[in-house]
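Participant: What follows is the file run-v5.pdb, containing PDB, C-alpha atoms:
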```
ATOM      1  CA  LEU A   1      -1.828  23.270   3.293  1.00  0.00           C
ATOM      2  CA  LEU A   2       0.886  21.695   5.383  1.00  0.00           C
ATOM      3  CA  ILE A   3      -1.528  20.092   7.806  1.00  0.00           C
ATOM      4  CA  SER A   4      -3.969  18.701   5.308  1.00  0.00           C
ATOM      5  CA  PRO A   5      -3.692  19.911   1.722  1.00  0.00           C
ATOM      6  CA  PHE A   6      -7.039  18.452   0.802  1.00  0.00           C
ATOM      7  CA  TRP A   7      -9.152  21.073   2.443  1.00  0.00           C
ATOM      8  CA  LEU A   8      -8.335  23.076  -0.652  1.00  0.00           C
ATOM      9  CA  ALA A   9     -10.288  22.454  -3.839  1.00  0.00           C
ATOM     10  CA  ARG A  10      -8.847  19.701  -5.988  1.00  0.00           C
ATOM     11  CA  GLN A  11      -7.319  21.074  -9.161  1.00  0.00           C
ATOM     12  CA  PRO A  12      -7.105  18.969 -12.356  1.00  0.00           C
ATOM     13  CA  ALA A  13      -3.594  17.623 -12.858  1.00  0.00           C
ATOM     14  CA  LYS A  14      -2.094  18.920 -16.088  1.00  0.00           C
ATOM     15  CA  SER A  15       0.637  16.315 -16.336  1.00  0.00           C
ATOM     16  CA  ALA A  16       1.301  12.726 -15.343  1.00  0.00           C
ATOM     17  CA  LYS A  17       3.924  13.927 -12.902  1.00  0.00           C
ATOM     18  CA  ALA A  18       1.490  16.329 -11.242  1.00  0.00           C
ATOM     19  CA  ALA A  19      -1.118  13.580 -10.905  1.00  0.00           C
ATOM     20  CA  GLN A  20       1.407  11.249  -9.326  1.00  0.00           C
ATOM     21  CA  GLN A  21       2.581  13.851  -6.837  1.00  0.00           C
ATOM     22  CA  ARG A  22      -1.000  14.723  -5.929  1.00  0.00           C
ATOM     23  CA  TYR A  23      -1.719  11.062  -5.274  1.00  0.00           C
ATOM     24  CA  LEU A  24       1.463  10.700  -3.242  1.00  0.00           C
ATOM     25  CA  ASP A  25       0.591  13.749  -1.154  1.00  0.00           C
ATOM     26  CA  VAL A  26      -2.871  12.421  -0.343  1.00  0.00           C
ATOM     27  CA  LEU A  27      -1.511   9.022   0.672  1.00  0.00           C
ATOM     28  CA  GLN A  28       1.317  10.642   2.586  1.00  0.00           C
ATOM     29  CA  SER A  29      -1.116  12.725   4.569  1.00  0.00           C
ATOM     30  CA  SER A  30      -2.973   9.546   5.521  1.00  0.00           C
ATOM     31  CA  LEU A  31       0.279   7.813   6.412  1.00  0.00           C
ATOM     32  CA  THR A  32       1.168  10.616   8.829  1.00  0.00           C
ATOM     33  CA  CYS A  33      -1.819   9.499  10.892  1.00  0.00           C
ATOM     34  CA  LEU A  34       0.112   6.316  11.709  1.00  0.00           C
ATOM     35  CA  SER A  35       3.739   7.368  11.542  1.00  0.00           C
ATOM     36  CA  SER A  36       5.626  10.625  11.752  1.00  0.00           C
ATOM     37  CA  SER A  37       8.619   9.262   9.870  1.00  0.00           C
ATOM     38  CA  ALA A  38       7.449   6.812   7.169  1.00  0.00           C
ATOM     39  CA  VAL A  39       7.259   8.135   3.618  1.00  0.00           C
ATOM     40  CA  TRP A  40       5.588   6.857   0.448  1.00  0.00           C
ATOM     41  CA  TYR A  41       7.830   6.358  -2.559  1.00  0.00           C
ATOM     42  CA  ALA A  42       6.646   6.000  -6.142  1.00  0.00           C
ATOM     43  CA  ALA A  43       8.852   3.807  -8.306  1.00  0.00           C
ATOM     44  CA  PRO A  44       9.623   4.213 -11.973  1.00  0.00           C
ATOM     45  CA  PRO A  45       8.405   1.485 -14.335  1.00  0.00           C
ATOM     46  CA  LEU A  46      10.887  -1.384 -14.490  1.00  0.00           C
ATOM     47  CA  SER A  47      12.014  -2.650 -17.857  1.00  0.00           C
ATOM     48  CA  GLY A  48      10.681  -6.081 -18.660  1.00  0.00           C
ATOM     49  CA  ARG A  49       7.884  -5.814 -16.149  1.00  0.00           C
ATOM     50  CA  GLY A  50       4.273  -5.231 -17.006  1.00  0.00           C
ATOM     51  CA  GLN A  51       1.669  -2.650 -16.253  1.00  0.00           C
ATOM     52  CA  GLY A  52       2.010   0.089 -13.718  1.00  0.00           C
ATOM     53  CA  ARG A  53       4.423   1.448 -11.183  1.00  0.00           C
ATOM     54  CA  ALA A  54       5.044   0.415  -7.613  1.00  0.00           C
ATOM     55  CA  LEU A  55       4.298   2.431  -4.542  1.00  0.00           C
ATOM     56  CA  ALA A  56       6.327   1.487  -1.493  1.00  0.00           C
ATOM     57  CA  VAL A  57       6.756   2.873   1.997  1.00  0.00           C
ATOM     58  CA  SER A  58      10.214   3.868   3.195  1.00  0.00           C
ATOM     59  CA  GLN A  59       9.799   1.718   6.293  1.00  0.00           C
ATOM     60  CA  ASP A  60       9.288  -1.986   5.705  1.00  0.00           C
ATOM     61  CA  PRO A  61       7.370  -2.569   7.867  1.00  0.00           C
ATOM     62  CA  ILE A  62       5.819   0.574   9.260  1.00  0.00           C
ATOM     63  CA  GLY A  63       6.060   0.464  13.038  1.00  0.00           C
ATOM     64  CA  VAL A  64       2.951   1.708  14.805  1.00  0.00           C
ATOM     65  CA  LYS A  65       2.453   2.405  18.495  1.00  0.00           C
ATOM     66  CA  ARG A  66      -0.130   0.544  20.520  1.00  0.00           C
ATOM     67  CA  LYS A  67      -1.237   0.743  24.111  1.00  0.00           C
ATOM     68  CA  LYS A  68       1.126  -0.593  26.739  1.00  0.00           C
ATOM     69  CA  GLY A  69       0.857  -4.362  26.989  1.00  0.00           C
ATOM     70  CA  ALA A  70      -0.493  -4.883  23.471  1.00  0.00           C
ATOM     71  CA  ALA A  71       1.603  -6.854  21.017  1.00  0.00           C
ATOM     72  CA  ALA A  72       3.920  -4.607  19.034  1.00  0.00           C
ATOM     73  CA  THR A  73       2.245  -4.253  15.677  1.00  0.00           C
ATOM     74  CA  VAL A  74       3.561  -3.459  12.227  1.00  0.00           C
ATOM     75  CA  LEU A  75       1.943  -2.644   8.914  1.00  0.00           C
ATOM     76  CA  PHE A  76       3.188  -3.535   5.450  1.00  0.00           C
ATOM     77  CA  ALA A  77       1.683  -1.424   2.695  1.00  0.00           C
ATOM     78  CA  SER A  78       2.266  -1.412  -1.034  1.00  0.00           C
ATOM     79  CA  GLN A  79       0.394  -0.584  -4.212  1.00  0.00           C
ATOM     80  CA  ARG A  80       0.729  -0.603  -7.962  1.00  0.00           C
ATOM     81  CA  PHE A  81      -0.758   2.218  -9.939  1.00  0.00           C
ATOM     82  CA  ASP A  82      -0.925   3.678 -13.395  1.00  0.00           C
ATOM     83  CA  ILE A  83      -1.246   7.251 -14.575  1.00  0.00           C
ATOM     84  CA  GLN A  84      -3.848   7.871 -17.242  1.00  0.00           C
ATOM     85  CA  GLN A  85      -5.467  10.753 -19.021  1.00  0.00           C
ATOM     86  CA  LEU A  86      -9.161  10.590 -18.207  1.00  0.00           C
ATOM     87  CA  ASP A  87     -11.885  13.165 -18.663  1.00  0.00           C
ATOM     88  CA  GLY A  88      -9.408  15.828 -19.722  1.00  0.00           C
ATOM     89  CA  GLU A  89      -7.005  15.479 -16.819  1.00  0.00           C
ATOM     90  CA  TRP A  90      -4.234  13.196 -15.616  1.00  0.00           C
ATOM     91  CA  LYS A  91      -5.275  10.775 -12.896  1.00  0.00           C
ATOM     92  CA  VAL A  92      -3.727   7.971 -10.945  1.00  0.00           C
ATOM     93  CA  LYS A  93      -5.494   4.650 -11.197  1.00  0.00           C
ATOM     94  CA  THR A  94      -4.784   2.078  -8.529  1.00  0.00           C
ATOM     95  CA  LEU A  95      -4.090  -1.363 -10.005  1.00  0.00           C
ATOM     96  CA  GLU A  96      -3.240  -3.468  -6.957  1.00  0.00           C
ATOM     97  CA  TYR A  97      -2.729  -3.149  -3.229  1.00  0.00           C
ATOM     98  CA  ILE A  98      -1.639  -5.131  -0.208  1.00  0.00           C
ATOM     99  CA  TYR A  99      -2.079  -3.915   3.358  1.00  0.00           C
ATOM    100  CA  ARG A 100      -0.838  -6.483   5.865  1.00  0.00           C
ATOM    101  CA  VAL A 101      -0.947  -6.294   9.643  1.00  0.00           C
ATOM    102  CA  ALA A 102       1.577  -8.411  11.535  1.00  0.00           C
ATOM    103  CA  THR A 103       3.430  -8.302  14.819  1.00  0.00           C
ATOM    104  CA  LYS A 104       6.943  -7.035  15.328  1.00  0.00           C
ATOM    105  CA  ASN A 105       8.023 -10.441  16.613  1.00  0.00           C
ATOM    106  CA  GLU A 106       6.625 -12.238  13.575  1.00  0.00           C
ATOM    107  CA  PRO A 107       6.760  -9.724  10.740  1.00  0.00           C
ATOM    108  CA  ASP A 108       6.359 -12.444   8.130  1.00  0.00           C
ATOM    109  CA  GLY A 109       3.110 -13.525   9.688  1.00  0.00           C
ATOM    110  CA  GLU A 110      -0.204 -12.285   8.435  1.00  0.00           C
ATOM    111  CA  TYR A 111      -2.805 -11.595  11.054  1.00  0.00           C
ATOM    112  CA  ILE A 112      -5.045  -9.459   8.893  1.00  0.00           C
ATOM    113  CA  ALA A 113      -4.320  -8.606   5.273  1.00  0.00           C
ATOM    114  CA  TRP A 114      -6.322  -6.838   2.604  1.00  0.00           C
ATOM    115  CA  HIS A 115      -5.287  -8.019  -0.829  1.00  0.00           C
ATOM    116  CA  TRP A 116      -6.113  -6.984  -4.361  1.00  0.00           C
ATOM    117  CA  HIS A 117      -3.522  -8.215  -6.852  1.00  0.00           C
ATOM    118  CA  PRO A 118      -5.206  -9.046 -10.160  1.00  0.00           C
ATOM    119  CA  LEU A 119      -2.004  -8.539 -12.166  1.00  0.00           C
ATOM    120  CA  THR A 120       0.205 -10.865 -10.165  1.00  0.00           C
ATOM    121  CA  THR A 121      -2.530 -13.480  -9.642  1.00  0.00           C
ATOM    122  CA  PRO A 122      -4.955 -13.150 -12.579  1.00  0.00           C
ATOM    123  CA  ASP A 123      -6.902 -16.170 -11.351  1.00  0.00           C
ATOM    124  CA  ARG A 124      -7.624 -14.306  -8.127  1.00  0.00           C
ATOM    125  CA  SER A 125      -8.687 -10.920  -9.423  1.00  0.00           C
ATOM    126  CA  ALA A 126     -11.106  -9.678  -6.765  1.00  0.00           C
ATOM    127  CA  PRO A 127     -10.273  -7.834  -3.541  1.00  0.00           C
ATOM    128  CA  HIS A 128     -10.188 -10.133  -0.548  1.00  0.00           C
ATOM    129  CA  LEU A 129      -9.230 -10.437   3.084  1.00  0.00           C
ATOM    130  CA  HIS A 130      -6.969 -12.885   4.888  1.00  0.00           C
ATOM    131  CA  VAL A 131      -7.350 -13.515   8.598  1.00  0.00           C
ATOM    132  CA  ALA A 132      -4.764 -15.765  10.191  1.00  0.00           C
ATOM    133  CA  THR A 133      -6.619 -17.908  12.633  1.00  0.00           C
ATOM    134  CA  LYS A 134      -8.379 -21.229  12.712  1.00  0.00           C
ATOM    135  CA  HIS A 135     -12.132 -21.180  12.879  1.00  0.00           C
ATOM    136  CA  ALA A 136     -13.239 -24.004  15.156  1.00  0.00           C
ATOM    137  CA  VAL A 137     -16.806 -24.225  13.861  1.00  0.00           C
ATOM    138  CA  LEU A 138     -15.984 -23.927  10.172  1.00  0.00           C
ATOM    139  CA  GLY A 139     -13.005 -26.200  10.601  1.00  0.00           C
ATOM    140  CA  ALA A 140     -11.047 -23.984   8.275  1.00  0.00           C
ATOM    141  CA  ALA A 141      -7.770 -22.147   8.512  1.00  0.00           C
ATOM    142  CA  LEU A 142      -8.970 -18.679   7.660  1.00  0.00           C
ATOM    143  CA  ARG A 143      -5.519 -17.721   6.385  1.00  0.00           C
ATOM    144  CA  LYS A 144      -6.174 -19.953   3.384  1.00  0.00           C
ATOM    145  CA  LEU A 145      -9.530 -18.374   2.652  1.00  0.00           C
ATOM    146  CA  HIS A 146     -10.018 -15.344   0.436  1.00  0.00           C
ATOM    147  CA  VAL A 147     -12.872 -13.587   2.147  1.00  0.00           C
ATOM    148  CA  PRO A 148     -14.432 -11.300  -0.467  1.00  0.00           C
ATOM    149  CA  THR A 149     -14.389  -7.584   0.188  1.00  0.00           C
ATOM    150  CA  GLY A 150     -15.086  -4.427  -1.728  1.00  0.00           C
ATOM    151  CA  ARG A 151     -12.216  -2.204  -2.644  1.00  0.00           C
ATOM    152  CA  VAL A 152     -10.425  -1.109   0.529  1.00  0.00           C
ATOM    153  CA  SER A 153      -8.609   2.192   0.810  1.00  0.00           C
ATOM    154  CA  PHE A 154      -5.414   2.843   2.724  1.00  0.00           C
ATOM    155  CA  GLU A 155      -7.426   5.299   4.807  1.00  0.00           C
ATOM    156  CA  GLU A 156      -9.844   2.564   5.874  1.00  0.00           C
ATOM    157  CA  VAL A 157      -6.928   0.419   6.996  1.00  0.00           C
ATOM    158  CA  ALA A 158      -5.366   3.310   8.908  1.00  0.00           C
ATOM    159  CA  ARG A 159      -8.670   4.028  10.620  1.00  0.00           C
ATOM    160  CA  PHE A 160      -9.130   0.337  11.483  1.00  0.00           C
ATOM    161  CA  LEU A 161      -5.701   0.238  13.081  1.00  0.00           C
ATOM    162  CA  ILE A 162      -6.488   3.248  15.250  1.00  0.00           C
ATOM    163  CA  THR A 163     -10.085   2.507  16.200  1.00  0.00           C
ATOM    164  CA  ASP A 164     -10.076  -1.300  16.371  1.00  0.00           C
ATOM    165  CA  LEU A 165      -6.515  -2.312  17.147  1.00  0.00           C
ATOM    166  CA  GLY A 166      -5.800   0.545  19.510  1.00  0.00           C
ATOM    167  CA  VAL A 167      -2.930   1.991  17.517  1.00  0.00           C
ATOM    168  CA  THR A 168      -1.941   5.408  18.789  1.00  0.00           C
ATOM    169  CA  ALA A 169      -2.552   8.012  16.113  1.00  0.00           C
ATOM    170  CA  ALA A 170       0.515   9.997  15.168  1.00  0.00           C
ATOM    171  CA  ARG A 171      -1.445  13.217  14.848  1.00  0.00           C
ATOM    172  CA  ASN A 172      -4.383  14.668  16.728  1.00  0.00           C
ATOM    173  CA  ASP A 173      -6.398  15.562  13.643  1.00  0.00           C
ATOM    174  CA  TRP A 174      -6.261  12.039  12.194  1.00  0.00           C
ATOM    175  CA  ARG A 175     -10.043  11.736  11.863  1.00  0.00           C
ATOM    176  CA  GLN A 176     -10.271  14.824   9.673  1.00  0.00           C
ATOM    177  CA  VAL A 177      -7.191  13.955   7.645  1.00  0.00           C
ATOM    178  CA  LEU A 178      -8.422  10.439   6.889  1.00  0.00           C
ATOM    179  CA  GLU A 179     -11.911  11.686   6.150  1.00  0.00           C
ATOM    180  CA  ASP A 180     -10.593  14.284   3.704  1.00  0.00           C
ATOM    181  CA  ALA A 181      -8.364  11.797   1.921  1.00  0.00           C
ATOM    182  CA  GLU A 182     -11.035   9.130   1.799  1.00  0.00           C
ATOM    183  CA  SER A 183     -13.584  11.574   0.492  1.00  0.00           C
ATOM    184  CA  ARG A 184     -11.256  12.285  -2.428  1.00  0.00           C
ATOM    185  CA  PHE A 185     -10.707   8.594  -2.978  1.00  0.00           C
ATOM    186  CA  ARG A 186     -14.425   7.887  -3.136  1.00  0.00           C
ATOM    187  CA  THR A 187     -15.134  10.853  -5.373  1.00  0.00           C
ATOM    188  CA  TYR A 188     -12.457  10.207  -7.969  1.00  0.00           C
ATOM    189  CA  ARG A 189     -11.939   6.438  -7.985  1.00  0.00           C
ATOM    190  CA  THR A 190     -12.839   4.714 -11.211  1.00  0.00           C
ATOM    191  CA  TRP A 191     -14.401   1.646  -9.617  1.00  0.00           C
ATOM    192  CA  ALA A 192     -15.639   0.504  -6.235  1.00  0.00           C
TER     193      ALA A 192
ATOM    194  CA  MET B   1       6.443  16.963  10.899  1.00  0.00           C
ATOM    195  CA  SER B   2       3.711  17.214   8.307  1.00  0.00           C
ATOM    196  CA  GLU B   3       5.635  19.663   6.154  1.00  0.00           C
ATOM    197  CA  LYS B   4       8.686  17.448   6.102  1.00  0.00           C
ATOM    198  CA  THR B   5       6.950  14.160   5.412  1.00  0.00           C
ATOM    199  CA  LEU B   6       4.653  15.601   2.771  1.00  0.00           C
ATOM    200  CA  SER B   7       7.595  17.030   0.875  1.00  0.00           C
ATOM    201  CA  ASN B   8       9.466  13.726   1.144  1.00  0.00           C
ATOM    202  CA  ALA B   9       6.824  11.653  -0.624  1.00  0.00           C
ATOM    203  CA  ARG B  10       8.462  11.401  -4.004  1.00  0.00           C
ATOM    204  CA  GLU B  11       9.435   9.284  -6.978  1.00  0.00           C
ATOM    205  CA  LEU B  12      12.564   7.203  -6.644  1.00  0.00           C
ATOM    206  CA  GLY B  13      15.117   6.899  -9.405  1.00  0.00           C
ATOM    207  CA  GLU B  14      15.411   3.471 -10.998  1.00  0.00           C
ATOM    208  CA  ASP B  15      18.696   2.715  -9.223  1.00  0.00           C
ATOM    209  CA  GLU B  16      17.252   3.780  -5.871  1.00  0.00           C
ATOM    210  CA  PHE B  17      14.223   1.587  -6.374  1.00  0.00           C
ATOM    211  CA  LEU B  18      16.255  -1.428  -7.456  1.00  0.00           C
ATOM    212  CA  GLN B  19      18.437  -0.996  -4.386  1.00  0.00           C
ATOM    213  CA  LEU B  20      15.352  -0.819  -2.164  1.00  0.00           C
ATOM    214  CA  LEU B  21      13.966  -3.972  -3.763  1.00  0.00           C
ATOM    215  CA  GLU B  22      17.273  -5.810  -3.505  1.00  0.00           C
ATOM    216  CA  GLU B  23      17.582  -4.988   0.192  1.00  0.00           C
ATOM    217  CA  ARG B  24      14.051  -6.108   0.955  1.00  0.00           C
ATOM    218  CA  VAL B  25      14.324  -9.348  -0.994  1.00  0.00           C
ATOM    219  CA  VAL B  26      17.694 -10.261   0.527  1.00  0.00           C
ATOM    220  CA  THR B  27      16.545  -9.382   4.044  1.00  0.00           C
ATOM    221  CA  SER B  28      13.215 -11.149   3.965  1.00  0.00           C
ATOM    222  CA  LEU B  29      13.748 -14.062   1.575  1.00  0.00           C
ATOM    223  CA  ASN B  30      17.523 -14.466   1.652  1.00  0.00           C
ATOM    224  CA  MET B  31      17.840 -14.420  -2.113  1.00  0.00           C
ATOM    225  CA  SER B  32      18.919 -11.879  -4.689  1.00  0.00           C
ATOM    226  CA  LEU B  33      16.411  -9.748  -6.556  1.00  0.00           C
ATOM    227  CA  THR B  34      17.345 -11.465  -9.812  1.00  0.00           C
ATOM    228  CA  ASP B  35      16.767 -14.891  -8.290  1.00  0.00           C
ATOM    229  CA  PHE B  36      13.491 -13.710  -6.785  1.00  0.00           C
ATOM    230  CA  ILE B  37      12.168 -12.436 -10.114  1.00  0.00           C
ATOM    231  CA  THR B  38      13.274 -15.601 -11.902  1.00  0.00           C
ATOM    232  CA  ALA B  39      11.615 -17.836  -9.324  1.00  0.00           C
ATOM    233  CA  LEU B  40       8.484 -15.695  -9.203  1.00  0.00           C
ATOM    234  CA  ASP B  41       8.024 -15.708 -12.963  1.00  0.00           C
ATOM    235  CA  ALA B  42       8.652 -19.448 -13.090  1.00  0.00           C
ATOM    236  CA  GLY B  43       5.895 -20.033 -10.558  1.00  0.00           C
ATOM    237  CA  LYS B  44       8.300 -21.468  -8.020  1.00  0.00           C
ATOM    238  CA  LEU B  45       7.195 -19.127  -5.229  1.00  0.00           C
ATOM    239  CA  ASP B  46       3.804 -19.078  -3.575  1.00  0.00           C
ATOM    240  CA  PRO B  47       2.365 -15.706  -4.609  1.00  0.00           C
ATOM    241  CA  GLU B  48       0.003 -15.802  -1.654  1.00  0.00           C
ATOM    242  CA  SER B  49       2.647 -16.210   1.022  1.00  0.00           C
ATOM    243  CA  PRO B  50       2.818 -12.914   2.894  1.00  0.00           C
ATOM    244  CA  ARG B  51       6.329 -11.790   2.066  1.00  0.00           C
ATOM    245  CA  VAL B  52       6.287 -12.989  -1.530  1.00  0.00           C
ATOM    246  CA  ALA B  53       2.999 -11.191  -2.099  1.00  0.00           C
ATOM    247  CA  ASP B  54       4.396  -7.967  -0.623  1.00  0.00           C
ATOM    248  CA  LEU B  55       7.414  -8.063  -2.889  1.00  0.00           C
ATOM    249  CA  ALA B  56       5.646  -9.344  -5.999  1.00  0.00           C
ATOM    250  CA  ILE B  57       3.390  -6.323  -6.111  1.00  0.00           C
ATOM    251  CA  LEU B  58       6.436  -4.072  -6.021  1.00  0.00           C
ATOM    252  CA  VAL B  59       8.240  -5.984  -8.764  1.00  0.00           C
ATOM    253  CA  GLY B  60       5.153  -6.309 -10.934  1.00  0.00           C
ATOM    254  CA  ALA B  61       4.046  -9.038 -13.259  1.00  0.00           C
ATOM    255  CA  PRO B  62       6.222  -9.821 -16.281  1.00  0.00           C
ATOM    256  CA  ALA B  63       5.483  -7.871 -19.450  1.00  0.00           C
ATOM    257  CA  ARG B  64       3.288  -9.789 -21.854  1.00  0.00           C
TER     258      ARG B  64
END
```
Take the structure in the file and give it back as structure tokens.

Facilitator:
Amino acid sequence: LLISPFWLARQPAKSAKAAQQRYLDVLQSSLTCLSSSAVWYAAPPLSGRGQGRALAVSQDPIGVKRKKGAAATVLFASQRFDIQQLDGEWKVKTLEYIYRVATKNEPDGEYIAWHWHPLTTPDRSAPHLHVATKHAVLGAALRKLHVPTGRVSFEEVARFLITDLGVTAARNDWRQVLEDAESRFRTYRTWA
Amino acid sequence: MSEKTLSNARELGEDEFLQLLEERVVTSLNMSLTDFITALDAGKLDPESPRVADLAILVGAPAR
């Protein structure tokens, strides 16, 4: 249970609080693949603000380790979610996410970022990708483009960091942990 | 490690969360949380700029 709680059968959540904690635990398990110290926090709804609750990471940004000589890399991660009663159980529904990869020297830069923020930008409601570079042939600054994507999970981003950007995994069983968490995500998500 | 971090994933109290937001807004945008929300809701900030987007998703859209 302490290594990866998701090898156990998923039990229906009987309360909103239980659903939230289950969701937090799954995401936290995935986060431990990148960092041994960062922690996900769920926020209470704020008065005067609209739908959902925020999900933030204790470290802003999350520092990740890369091979010697590679640019020091950081990850910003945040979500909004709601808790709903669906099919006889309480479930978390993701409403928005942003996963942004930058460098430690330029944390406000955006080298690769997966965005889905339909509530804060209703005119841009689909998931998309930003890549901060200029494309010589297209003649376009890719940062300004919203490259369409499907829905991207935190686990996919964590795996990308490890396998494509050479980030050092923070635990040896990261493949299994991410696979378990992602399997849950794909099974129980309400849309793809 | 896993035991500790799993148990630490939790819900913040409203004051804790507001303090977290305030610190992040001041540090990254050099403005107060109140000023940030006012400017964001008035459309005076670019919601697609990296740091504004990060923080806007945490603050949430205004209630309608």

Participant: Taking all atoms listed in the file into account, which residues of chain B are within 9 Å of chain A, as a PyMOL selection string?

Facilitator: chain B and resi 1-14+16-18+20+24+28+47-51+53-64

Participant: Enumerate, as a compact mmCIF listing (two decimals) with C-alpha atoms, in the coordinates of the input, the residues matched when the PyMOL selection byres ((chain A and resi 161) around 12) is run on the file above.

Facilitator:
```
# COMPACT_ATOMS: atom_id res chain seq x y z
CA LEU A 31 0.28 7.81 6.41
CA CYS A 33 -1.82 9.50 10.89
CA LEU A 34 0.11 6.32 11.71
CA SER A 35 3.74 7.37 11.54
CA GLY A 63 6.06 0.46 13.04
CA VAL A 64 2.95 1.71 14.80
CA LYS A 65 2.45 2.40 18.50
CA ARG A 66 -0.13 0.54 20.52
CA LYS A 67 -1.24 0.74 24.11
CA THR A 73 2.24 -4.25 15.68
CA VAL A 74 3.56 -3.46 12.23
CA LEU A 75 1.94 -2.64 8.91
CA TYR A 99 -2.08 -3.92 3.36
CA ARG A 100 -0.84 -6.48 5.86
CA VAL A 101 -0.95 -6.29 9.64
CA ALA A 102 1.58 -8.41 11.54
CA ILE A 112 -5.04 -9.46 8.89
CA ALA A 113 -4.32 -8.61 5.27
CA PHE A 154 -5.41 2.84 2.72
CA GLU A 155 -7.43 5.30 4.81
CA GLU A 156 -9.84 2.56 5.87
CA VAL A 157 -6.93 0.42 7.00
CA ALA A 158 -5.37 3.31 8.91
CA ARG A 159 -8.67 4.03 10.62
CA PHE A 160 -9.13 0.34 11.48
CA ILE A 162 -6.49 3.25 15.25
CA THR A 163 -10.09 2.51 16.20
CA ASP A 164 -10.08 -1.30 16.37
CA LEU A 165 -6.52 -2.31 17.15
CA GLY A 166 -5.80 0.55 19.51
CA VAL A 167 -2.93 1.99 17.52
CA THR A 168 -1.94 5.41 18.79
CA ALA A 169 -2.55 8.01 16.11
CA ALA A 170 0.52 10.00 15.17
CA TRP A 174 -6.26 12.04 12.19
```

Participant: I'd like the residues picked by the PyMOL selection byres ((chain A and resi 84) around 12) written out as a PyMOL selection string, using the chain letters and numbers from the file.

Facilitator: chain A and resi 13-20+51-52+81-83+85-95+190

Participant: Go ahead and save the residues from that selection, with C-alpha atoms, as a PDB file, in the coordinates of the input.

Facilitator:
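So again.pdb came out as:
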```pdb
ATOM      1  CA  ALA A  13      -3.594  17.623 -12.858  1.00  0.00           C
ATOM      2  CA  LYS A  14      -2.094  18.920 -16.088  1.00  0.00           C
ATOM      3  CA  SER A  15       0.637  16.315 -16.336  1.00  0.00           C
ATOM      4  CA  ALA A  16       1.301  12.726 -15.343  1.00  0.00           C
ATOM      5  CA  LYS A  17       3.924  13.927 -12.902  1.00  0.00           C
ATOM      6  CA  ALA A  18       1.490  16.329 -11.242  1.00  0.00           C
ATOM      7  CA  ALA A  19      -1.118  13.580 -10.905  1.00  0.00           C
ATOM      8  CA  GLN A  20       1.407  11.249  -9.326  1.00  0.00           C
ATOM      9  CA  GLN A  51       1.669  -2.650 -16.253  1.00  0.00           C
ATOM     10  CA  GLY A  52       2.010   0.089 -13.718  1.00  0.00           C
ATOM     11  CA  PHE A  81      -0.758   2.218  -9.939  1.00  0.00           C
ATOM     12  CA  ASP A  82      -0.925   3.678 -13.395  1.00  0.00           C
ATOM     13  CA  ILE A  83      -1.246   7.251 -14.575  1.00  0.00           C
ATOM     14  CA  GLN A  85      -5.467  10.753 -19.021  1.00  0.00           C
ATOM     15  CA  LEU A  86      -9.161  10.590 -18.207  1.00  0.00           C
ATOM     16  CA  ASP A  87     -11.885  13.165 -18.663  1.00  0.00           C
ATOM     17  CA  GLY A  88      -9.408  15.828 -19.722  1.00  0.00           C
ATOM     18  CA  GLU A  89      -7.005  15.479 -16.819  1.00  0.00           C
ATOM     19  CA  TRP A  90      -4.234  13.196 -15.616  1.00  0.00           C
ATOM     20  CA  LYS A  91      -5.275  10.775 -12.896  1.00  0.00           C
ATOM     21  CA  VAL A  92      -3.727   7.971 -10.945  1.00  0.00           C
ATOM     22  CA  LYS A  93      -5.494   4.650 -11.197  1.00  0.00           C
ATOM     23  CA  THR A  94      -4.784   2.078  -8.529  1.00  0.00           C
ATOM     24  CA  LEU A  95      -4.090  -1.363 -10.005  1.00  0.00           C
ATOM     25  CA  THR A 190     -12.839   4.714 -11.211  1.00  0.00           C
TER      26      THR A 190
END
```

Participant: Quote the spacing between atom CA of His146 of chain A and atom CA of Leu45 of chain B in Å to one decimal place.

Facilitator: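 Between atom CA of His146 of chain A and atom CA of Leu45 of chain B the gap is 18.5 Å.
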
Participant: Please put the answer as lines of an AutoDock Vina configuration file: centre and edge lengths, in Å with one decimal, of a box along x, y and z that encloses all listed atoms of segment 123-130 of chain A plus 6 Å on each side.

Facilitator:
```
center_x = -9.0
center_y = -12.0
center_z = -3.2
size_x = 16.2
size_y = 20.3
size_z = 28.2
```

Participant: Just how far from atom CA of Pro61 of chain A is atom CA of Val25 of chain B, in Å to one decimal?

Facilitator: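 Atom-to-atom, atom CA of Val25 of chain B to atom CA of Pro61 of chain A, that is 13.1 Å.
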
Participant: Closest to Gln59 of chain A among B:Ile37, B:Glu23, B:Asp15, B:Leu29, using all atoms listed in the file?

Facilitator: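 So, comparing all the options, the nearest one is B:Glu23.
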
Participant: In Å, with one decimal, what is the gap from atom CA of Thr149 of chain A to atom CA of Glu182 of chain A?

Facilitator: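 For atom CA of Thr149 of chain A relative to atom CA of Glu182 of chain A, the distance reads 17.1 Å.
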
Participant: Output the residue selection produced by the PyMOL selection byres ((chain A and resi 147) around 6) on the file above, formatted as a ChimeraX atom specification.

Facilitator: /A:128-129,145-146,148
